[in-house]
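Asker: Attaching a single structure in structure tokens format; questions to follow.
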Amino acid sequence: MPGVTVTTSTPASGSAAPQLGATPSATSQISEFAGASNHAPVSPVLNEDVEPQNALTAKFTPAEWIALKQFRSMLPESFSEAFPDNPDARTTPYRMWGVTIDPINPTNARVSVVLMKFLRARNLNPTEAEDMFISTLRWRQSFDVEAAMNEKVPDEIFGKLGKVHGRDKEGHPVIYNLYGANKDLNAVFEDVQRFLRWRVAFMEESIALLDFETVDQMVQIHDYEGVSLSSRTENSKNAASEASSIFQGHYPEFLSRKFFVNVPSFLAWIFWLFKPFLSAATLAKMTVVGSGHQAISAALLPLIDEGELPKKYGGAADGF
């Protein structure tokens, strides 16, 4: 996908991250159905005695397992409600984020990791998690995530805005959003929907680095170098608002940590203004860092090895 530059490095021990850049085949495209069934509606097959495990599911708490098993039992009806035009939806596997979710046989470790994201985002309430899940399935279909992934966007406009480089000490890929990398913000935001399609595609490409076995989250670094008050146009504000709504509503629990670096004073003030409305869990993942090589490196080096961190942020890697 144009507009995304990826530099990979050796994952943390035990991590086997998928490689980014290959075009998915027709049978493995994100947001497509993996098959169909003409069978009459049936209940999910839930084997209570054998629960597939991986490094991530091994960390689930007893309360999370209880909520997960209830959530899984709701999947056929969830799929039916999400895709009312498909009479076989309740028995048709669906592929999302590289994981195939079979509503009839959802007892799979990677599926459990994906479903747990929705549960954790809704405080382990299966009904509320189901609502979020259904909403996400509907949104992915209406937004046409697959088409966004395949869309060719001008590299001269979006090529510098998103970078992936290295991993943190726990194996999470590190994603850089460089808001001031293109000085022609009118070109970036003149078509808000095009910007959103690029931004969603970049998120999906970043998620492709997660294996949902050892790693299911990423580190995001939002760099505001070059951003000024005059950069905030009506289109840019609308784009930011819509993107925030998309990621909050349809990409739950993907962030391990988020850093805001080179933040202008006017943006820092906005962050602190909205701080009372953020949950403690969300705030714990967010760090606002000022400008300056020393301040940025002091915030990032405890999390990211020097050899994985680009020099511009205080590391030793050539970066981008």
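By order in the structure tokens, chains are A, B, ...; within a chain, residues start at 1; ligands start at 1, following the order shown.
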Would you please extract all strand (DSSP E or B) residues from region 100-317 of chain A, as assigned by DSSP on the backbone, and give them as a VMD selection string?
Answerer: chain A and resid 100 to 101 162 to 167 173 to 178 218 to 223 255 to 261 286 to 288 310 317
Asker: Write out the residues from the selection above, keeping C-alpha atoms, as a PDB file, in the first residue's frame.
Answerer:
```pdb
ATOM      1  CA  THR A 100     -10.791 -16.625  10.838  1.00  0.00           C
ATOM      2  CA  ILE A 101     -13.703 -16.570  13.275  1.00  0.00           C
ATOM      3  CA  GLY A 162       3.131   6.698   8.586  1.00  0.00           C
ATOM      4  CA  LYS A 163       6.173   4.553   9.386  1.00  0.00           C
ATOM      5  CA  VAL A 164       6.700   1.203  11.072  1.00  0.00           C
ATOM      6  CA  HIS A 165      10.114   0.629  12.579  1.00  0.00           C
ATOM      7  CA  GLY A 166      11.320  -2.025  14.993  1.00  0.00           C
ATOM      8  CA  ARG A 167       9.783  -3.448  18.140  1.00  0.00           C
ATOM      9  CA  PRO A 173       5.778  -3.356  16.774  1.00  0.00           C
ATOM     10  CA  VAL A 174       6.377   0.390  16.988  1.00  0.00           C
ATOM     11  CA  ILE A 175       4.216   2.580  14.760  1.00  0.00           C
ATOM     12  CA  TYR A 176       5.090   6.209  14.016  1.00  0.00           C
ATOM     13  CA  ASN A 177       2.460   8.758  13.001  1.00  0.00           C
ATOM     14  CA  LEU A 178       4.277  11.851  11.686  1.00  0.00           C
ATOM     15  CA  MET A 218       1.405  -2.186  19.311  1.00  0.00           C
ATOM     16  CA  VAL A 219       3.222   0.903  20.506  1.00  0.00           C
ATOM     17  CA  GLN A 220       2.222   4.148  18.800  1.00  0.00           C
ATOM     18  CA  ILE A 221       4.375   7.264  18.692  1.00  0.00           C
ATOM     19  CA  HIS A 222       2.554  10.384  17.531  1.00  0.00           C
ATOM     20  CA  ASP A 223       5.092  12.985  16.450  1.00  0.00           C
ATOM     21  CA  LEU A 255      -2.488  -0.185  22.060  1.00  0.00           C
ATOM     22  CA  SER A 256       0.192  -1.266  24.468  1.00  0.00           C
ATOM     23  CA  ARG A 257       1.514   2.287  24.888  1.00  0.00           C
ATOM     24  CA  LYS A 258       0.988   5.612  23.130  1.00  0.00           C
ATOM     25  CA  PHE A 259       3.481   8.484  23.208  1.00  0.00           C
ATOM     26  CA  PHE A 260       2.851  12.049  22.034  1.00  0.00           C
ATOM     27  CA  VAL A 261       6.192  13.681  21.232  1.00  0.00           C
ATOM     28  CA  MET A 286      -0.573   7.505  27.303  1.00  0.00           C
ATOM     29  CA  THR A 287       2.443   9.733  27.805  1.00  0.00           C
ATOM     30  CA  VAL A 288       2.769  13.329  26.598  1.00  0.00           C
ATOM     31  CA  PRO A 310      15.657   5.824  15.384  1.00  0.00           C
ATOM     32  CA  ALA A 317      18.944   2.967  14.553  1.00  0.00           C
TER      33      ALA A 317
END
```
Asker: Listing only residues of region 102-201 of chain A within 8 Å of region 55-70 of chain A, what is the closest atom pair and its distance in Å (to one decimal) for each, using only C-alpha atoms, sorted by chain and residue number ascending, as a tab-separated table?
Answerer:
```
residue	atom	partner	partner_atom	distance
A:Ala109	CA	A:Thr57	CA	6.6
A:Ser112	CA	A:Thr57	CA	7.2
A:Val113	CA	A:Thr57	CA	6.5
A:Leu115	CA	A:Leu68	CA	7.3
A:Met116	CA	A:Leu68	CA	6.7
A:Leu119	CA	A:Leu68	CA	7.4
A:Leu124	CA	A:Ala67	CA	6.0
A:Asn125	CA	A:Ala67	CA	7.0
A:Pro126	CA	A:Ala67	CA	6.1
```
Asker: Measure the distance from CA of Phe266 (chain A) to CA of Phe247 (chain A) in Å and round it to one decimal.
Answerer: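 About the pair CA of Phe266 (chain A) and CA of Phe247 (chain A): they are 23.6 Å apart.
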Asker: Closest to Ala239 (chain A) among A:Arg138, A:Lys275, A:Arg72, A:Arg194, using only C-alpha atoms?
Answerer: A:Arg194
Asker: With distances taken over only C-alpha atoms, which residue among A:Tyr179, A:Tyr251, A:Phe212, A:Phe118 lies nearest Pro264 (chain A)?
Answerer: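 So, comparing all the options, the nearest one is A:Tyr179.
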Asker: Using only C-alpha atoms, tabulate the residues of region 154-184 of chain A lying at most 12 Å from any atom of region 228-233 of chain A, each with its closest atom pair and that distance in Å to one decimal, by chain and increasing residue number, as a tab-separated table.
Answerer:
```
residue	atom	partner	partner_atom	distance
A:Tyr179	CA	A:Ser231	CA	9.8
A:Gly180	CA	A:Ser228	CA	8.7
A:Asn182	CA	A:Ser231	CA	10.9
A:Lys183	CA	A:Ser231	CA	8.9
A:Asp184	CA	A:Ser231	CA	9.3
```
Asker: From the options A:Ser241, A:Ser297, A:Asn235, A:Asn150, which residue's atoms come nearest to Phe202 (chain A), counting only C-alpha atoms?
Answerer: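 Distance minimum relative to Phe202 (chain A) lands on A:Asn150.
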Asker: Quick one: DSSP alpha helix (DSSP H) residues in region 36-234 of chain A, as a PyMOL selection string?
Answerer: chain A and resi 62-73+75-82+109-121+126-143+145-150+155-158+185-189+192-207+234
Asker: Measuring between only C-alpha atoms, which one of A:Ala147, A:Asp168, A:Phe83, A:Asn262 shows the shortest distance to Glu308 (chain A)?
Answerer: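 Among the listed residues, A:Asp168 lies closest to Glu308 (chain A).
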Asker: So, with only C-alpha atoms as the atoms that count, which of A:Ala89, A:Asn108, A:Leu283, A:Ala82 lies closest to Trp139 (chain A)?
Answerer: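 For Trp139 (chain A), the nearest of the given residues is A:Ala82.
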Asker: List as a PDB file with N, CA, C and O atoms, in the first residue's frame the protein and nucleic acid residues near region 120-123 of chain A, meaning an atom at most 7 Å away when only C-alpha atoms are counted, but skip any in the same chain fewer than 4 places from it.
Answerer:
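Wrote it out as part-v1.pdb, contents follow:
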```pdb
ATOM      1  N   MET A 116     -11.496 -11.405  23.054  1.00  0.00           N
ATOM      2  CA  MET A 116     -11.209 -10.818  24.362  1.00  0.00           C
ATOM      3  C   MET A 116     -10.995  -9.312  24.260  1.00  0.00           C
ATOM      4  O   MET A 116     -11.265  -8.568  25.222  1.00  0.00           O
ATOM      5  N   GLU A 128     -22.587  -6.124  25.990  1.00  0.00           N
ATOM      6  CA  GLU A 128     -22.021  -4.891  25.446  1.00  0.00           C
ATOM      7  C   GLU A 128     -20.897  -5.194  24.461  1.00  0.00           C
ATOM      8  O   GLU A 128     -20.728  -4.485  23.457  1.00  0.00           O
ATOM      9  N   ALA A 129     -20.124  -6.245  24.733  1.00  0.00           N
ATOM     10  CA  ALA A 129     -19.066  -6.652  23.805  1.00  0.00           C
ATOM     11  C   ALA A 129     -19.680  -7.109  22.484  1.00  0.00           C
ATOM     12  O   ALA A 129     -19.151  -6.814  21.402  1.00  0.00           O
ATOM     13  N   PRO A 252     -10.570  -2.211  19.228  1.00  0.00           N
ATOM     14  CA  PRO A 252     -10.394  -2.202  20.686  1.00  0.00           C
ATOM     15  C   PRO A 252      -9.115  -2.885  21.152  1.00  0.00           C
ATOM     16  O   PRO A 252      -8.684  -3.900  20.608  1.00  0.00           O
ATOM     17  N   GLU A 253      -8.501  -2.291  22.150  1.00  0.00           N
ATOM     18  CA  GLU A 253      -7.395  -2.902  22.893  1.00  0.00           C
ATOM     19  C   GLU A 253      -6.194  -3.268  22.011  1.00  0.00           C
ATOM     20  O   GLU A 253      -5.572  -4.309  22.199  1.00  0.00           O
TER      21      GLU A 253
END
```
Asker: At a cut-off of 9 Å, using only C-alpha atoms, what residues contact Ala181 (chain A)? Leave out same-chain residues fewer than 4 positions from it and give the result as a VMD selection string.
Answerer: chain A and resid 160 to 161 224 to 227
Asker: For Arg197 (chain A), which residue out of A:Phe320, A:Gly98, A:Glu146, A:Asp211 is the nearest one, using only C-alpha atoms?
Answerer: A:Glu146
Asker: Quick one: pull the distance between CA of Thr136 (chain A) and CA of Gly249 (chain A), Å, one decimal.
Answerer: 7.2 Å
Asker: Provide the CA of Gln294 (chain A) to CA of Phe271 (chain A) distance in Å, to one decimal place.
Answerer: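 Separating CA of Gln294 (chain A) from CA of Phe271 (chain A) is a distance of 21.9 Å.
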Asker: Write out as a list of chain:residue names each polymer residue whose atoms come within 8 Å of Ser291 (chain A), counting only C-alpha atoms; drop sequence neighbours fewer than 2 positions from it.
Answerer: A:Val261, A:Asn262, A:Val263, A:Val289, A:His293, A:Ala295, A:Ile296
